[in-house]
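What follows is upload_35.pdb (PDB, C-alpha atoms, pLDDT in the B column).
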ATOM      1  CA  MET A   1     185.316  96.832 129.769  1.00 55.00           C
ATOM      2  CA  ALA A   2     184.067  99.912 131.580  1.00 69.00           C
ATOM      3  CA  GLN A   3     183.208 103.101 129.773  1.00 80.00           C
ATOM      4  CA  LYS A   4     184.494 106.536 130.749  1.00 84.00           C
ATOM      5  CA  LYS A   5     181.988 108.588 132.692  1.00 88.00           C
ATOM      6  CA  LEU A   6     181.901 111.930 134.389  1.00 86.00           C
ATOM      7  CA  LEU A   7     181.514 111.832 138.187  1.00 89.00           C
ATOM      8  CA  THR A   8     181.329 115.583 138.921  1.00 87.00           C
ATOM      9  CA  ASN A   9     180.887 118.777 136.923  1.00 87.00           C
ATOM     10  CA  GLY A  10     183.647 120.426 138.918  1.00 89.00           C
ATOM     11  CA  LYS A  11     183.987 122.803 141.800  1.00 91.00           C
ATOM     12  CA  ALA A  12     186.002 126.027 141.937  1.00 94.00           C
ATOM     13  CA  PHE A  13     187.825 126.996 145.128  1.00 96.00           C
ATOM     14  CA  LYS A  14     190.228 129.670 146.370  1.00 97.00           C
ATOM     15  CA  ARG A  15     193.767 128.360 146.919  1.00 95.00           C
ATOM     16  CA  THR A  16     196.083 129.510 149.711  1.00 95.00           C
ATOM     17  CA  ASP A  17     198.289 131.405 147.220  1.00 95.00           C
ATOM     18  CA  ASP A  18     195.315 133.658 146.231  1.00 94.00           C
ATOM     19  CA  ARG A  19     194.794 131.861 142.922  1.00 97.00           C
ATOM     20  CA  TRP A  20     191.703 129.854 142.007  1.00 97.00           C
ATOM     21  CA  GLY A  21     191.605 126.120 141.447  1.00 97.00           C
ATOM     22  CA  GLY A  22     189.069 123.619 140.261  1.00 96.00           C
ATOM     23  CA  THR A  23     188.711 119.859 140.046  1.00 96.00           C
ATOM     24  CA  VAL A  24     186.661 117.543 137.846  1.00 95.00           C
ATOM     25  CA  TRP A  25     186.405 113.850 138.774  1.00 94.00           C
ATOM     26  CA  TYR A  26     185.788 111.131 136.186  1.00 93.00           C
ATOM     27  CA  MET A  27     186.040 107.353 135.797  1.00 93.00           C
ATOM     28  CA  ASP A  28     188.467 106.054 133.160  1.00 89.00           C
ATOM     29  CA  GLU A  29     188.092 102.968 130.934  1.00 87.00           C
ATOM     30  CA  LYS A  30     189.607 100.735 133.633  1.00 90.00           C
ATOM     31  CA  GLY A  31     187.074 101.849 136.243  1.00 89.00           C
ATOM     32  CA  GLU A  32     189.568 103.938 138.228  1.00 92.00           C
ATOM     33  CA  ARG A  33     188.669 107.377 139.609  1.00 94.00           C
ATOM     34  CA  LYS A  34     190.728 110.126 138.009  1.00 94.00           C
ATOM     35  CA  ARG A  35     190.998 113.837 138.680  1.00 94.00           C
ATOM     36  CA  LYS A  36     191.544 116.707 136.237  1.00 94.00           C
ATOM     37  CA  SER A  37     192.734 119.905 137.933  1.00 96.00           C
ATOM     38  CA  PHE A  38     192.522 123.484 136.682  1.00 96.00           C
ATOM     39  CA  SER A  39     193.980 126.747 137.956  1.00 96.00           C
ATOM     40  CA  GLY A  40     193.691 130.426 137.105  1.00 97.00           C
ATOM     41  CA  THR A  41     193.762 133.945 138.452  1.00 96.00           C
ATOM     42  CA  THR A  42     189.970 134.384 138.623  1.00 96.00           C
ATOM     43  CA  LYS A  43     187.048 132.161 139.512  1.00 96.00           C
ATOM     44  CA  ALA A  44     185.422 132.901 136.138  1.00 96.00           C
ATOM     45  CA  GLU A  45     188.554 131.725 134.300  1.00 97.00           C
ATOM     46  CA  VAL A  46     188.626 128.414 136.188  1.00 97.00           C
ATOM     47  CA  THR A  47     184.890 127.894 135.755  1.00 95.00           C
ATOM     48  CA  LYS A  48     185.196 128.442 131.996  1.00 96.00           C
ATOM     49  CA  LYS A  49     188.074 125.945 131.762  1.00 95.00           C
ATOM     50  CA  MET A  50     186.050 123.336 133.655  1.00 95.00           C
ATOM     51  CA  THR A  51     182.924 123.968 131.568  1.00 94.00           C
ATOM     52  CA  ASP A  52     184.910 123.612 128.332  1.00 94.00           C
ATOM     53  CA  TYR A  53     186.521 120.383 129.587  1.00 94.00           C
ATOM     54  CA  VAL A  54     183.167 118.869 130.611  1.00 92.00           C
ATOM     55  CA  ALA A  55     181.638 119.769 127.222  1.00 92.00           C
ATOM     56  CA  ALA A  56     184.568 118.187 125.356  1.00 92.00           C
ATOM     57  CA  PHE A  57     184.392 115.118 127.619  1.00 90.00           C
ATOM     58  CA  ASN A  58     180.677 114.665 126.901  1.00 89.00           C
ATOM     59  CA  ASP A  59     181.198 115.163 123.151  1.00 88.00           C
ATOM     60  CA  ALA A  60     183.916 112.505 123.127  1.00 86.00           C
ATOM     61  CA  LEU A  61     181.614 110.087 124.962  1.00 83.00           C
ATOM     62  CA  GLN A  62     178.783 110.627 122.491  1.00 81.00           C
ATOM     63  CA  GLU A  63     181.077 110.065 119.520  1.00 79.00           C
ATOM     64  CA  SER A  64     182.450 106.859 121.020  1.00 72.00           C
ATOM     65  CA  ASP A  65     179.015 105.459 121.922  1.00 64.00           C
ATOM     66  CA  GLU A  66     178.192 103.003 119.128  1.00 62.00           C
ATOM     67  CA  SER A  67     174.546 102.659 120.157  1.00 56.00           C
ATOM     68  CA  ARG A  68     173.831 106.320 119.357  1.00 56.00           C
ATOM     69  CA  LYS A  69     175.417 106.333 115.910  1.00 58.00           C
ATOM     70  CA  THR A  70     173.170 106.173 112.884  1.00 62.00           C
ATOM     71  CA  LEU A  71     173.631 103.525 110.252  1.00 57.00           C
ATOM     72  CA  LYS A  72     174.970 104.679 106.913  1.00 59.00           C
ATOM     73  CA  GLU A  73     173.029 103.448 103.944  1.00 57.00           C
ATOM     74  CA  SER A  74     174.967 101.829 101.173  1.00 53.00           C
ATOM     75  CA  THR A  75     174.892 103.686  97.849  1.00 60.00           C
ATOM     76  CA  THR A  76     175.345 100.518  95.806  1.00 62.00           C
ATOM     77  CA  HIS A  77     172.832  97.720  95.927  1.00 57.00           C
ATOM     78  CA  ARG A  78     173.789  94.159  95.153  1.00 59.00           C
ATOM     79  CA  PHE A  79     171.100  91.823  93.916  1.00 54.00           C
TER      80      PHE A  79
END

Please express what this file holds, its structure, as structure tokens.
Amino acid sequence: MAQKKLLTNGKAFKRTDDRWGGTVWYMDEKGERKRKSFSGTTKAEVTKKMTDYVAAFNDALQESDESRKTLKESTTHRF
């Protein structure tokens, strides 16, 4: 089973209707390329949306990664 991973950090661009757009590419659990699109009235707005999405994506990956979790010690000992 493949793990989700981020392919790009995103790129903001000016759309033909004078709004701003942005796209972030990632790989899903099945190994397929997926795209998350953002839009807004300013470049700063779109960039903030993409930055927030990438941060949340990375946080979700770290929480799901079992190899990075610490082991919890048992409070009761059996002898």

To test your reading of the syntax: which residues would the PyMOL selection byres ((chain A and resi 5) around 7) return for the file shown? Reply as a list in words.
Gln3, Lys4, Leu6, Leu7, Tyr26, Met27 and Asp28 of chain A

From the set A:Thr23, A:Asn9, A:Thr41, A:Thr16, which residue has the shortest atom-to-atom contact distance to Val54 (chain A), counting all atoms listed in the file?
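Once distances to Val54 (chain A) are computed over all atoms listed in the file, the minimum belongs to A:Asn9.
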
Considering all atoms listed in the file, return as a PDB file with C-alpha atoms, in the frame of the given file whatever protein or nucleic-acid residues lie within 8 Å of Lys43 (chain A), sequence-local ones (same chain, fewer than 3 positions apart) excluded.
ATOM      1  CA  ALA A  12     186.002 126.027 141.937  1.00 94.00           C
ATOM      2  CA  PHE A  13     187.825 126.996 145.128  1.00 96.00           C
ATOM      3  CA  LYS A  14     190.228 129.670 146.370  1.00 97.00           C
ATOM      4  CA  TRP A  20     191.703 129.854 142.007  1.00 97.00           C
ATOM      5  CA  GLY A  21     191.605 126.120 141.447  1.00 97.00           C
ATOM      6  CA  GLY A  40     193.691 130.426 137.105  1.00 97.00           C
ATOM      7  CA  VAL A  46     188.626 128.414 136.188  1.00 97.00           C
ATOM      8  CA  THR A  47     184.890 127.894 135.755  1.00 95.00           C
TER       9      THR A  47
END

Atomic separation - CA of Gln62 (chain A) relative to CA of Lys34 (chain A), Å
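One can read the CA of Lys34 (chain A) to CA of Gln62 (chain A) distance as 19.6 Å.
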
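Taking CA of Ser64 (chain A) and CA of Phe38 (chain A) as endpoints, the distance between them is 25.0 Å.
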
Hey, can you check how far CA of Met50 (chain A) sits from CA of Gly10 (chain A)?
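Value for the CA of Met50 (chain A)-CA of Gly10 (chain A) distance: 6.5 Å.
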
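In this comparison, which uses all atoms listed in the file, the residue of A:Asp18, A:Glu63, A:Arg33, A:Lys11 approaching Thr51 (chain A) most closely is A:Lys11.
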
Translate the PyMOL selection byres ((chain A and resi 36) around 6) into a concrete residue list for this structure, as an mmCIF file with C-alpha atoms, in the frame of the given file.
data_model
loop_
_atom_site.group_PDB
_atom_site.id
_atom_site.type_symbol
_atom_site.label_atom_id
_atom_site.label_comp_id
_atom_site.auth_asym_id
_atom_site.auth_seq_id
_atom_site.Cartn_x
_atom_site.Cartn_y
_atom_site.Cartn_z
ATOM 1 C CA THR A 23 188.711 119.859 140.046
ATOM 2 C CA VAL A 24 186.661 117.543 137.846
ATOM 3 C CA ARG A 35 190.998 113.837 138.680
ATOM 4 C CA SER A 37 192.734 119.905 137.933
#
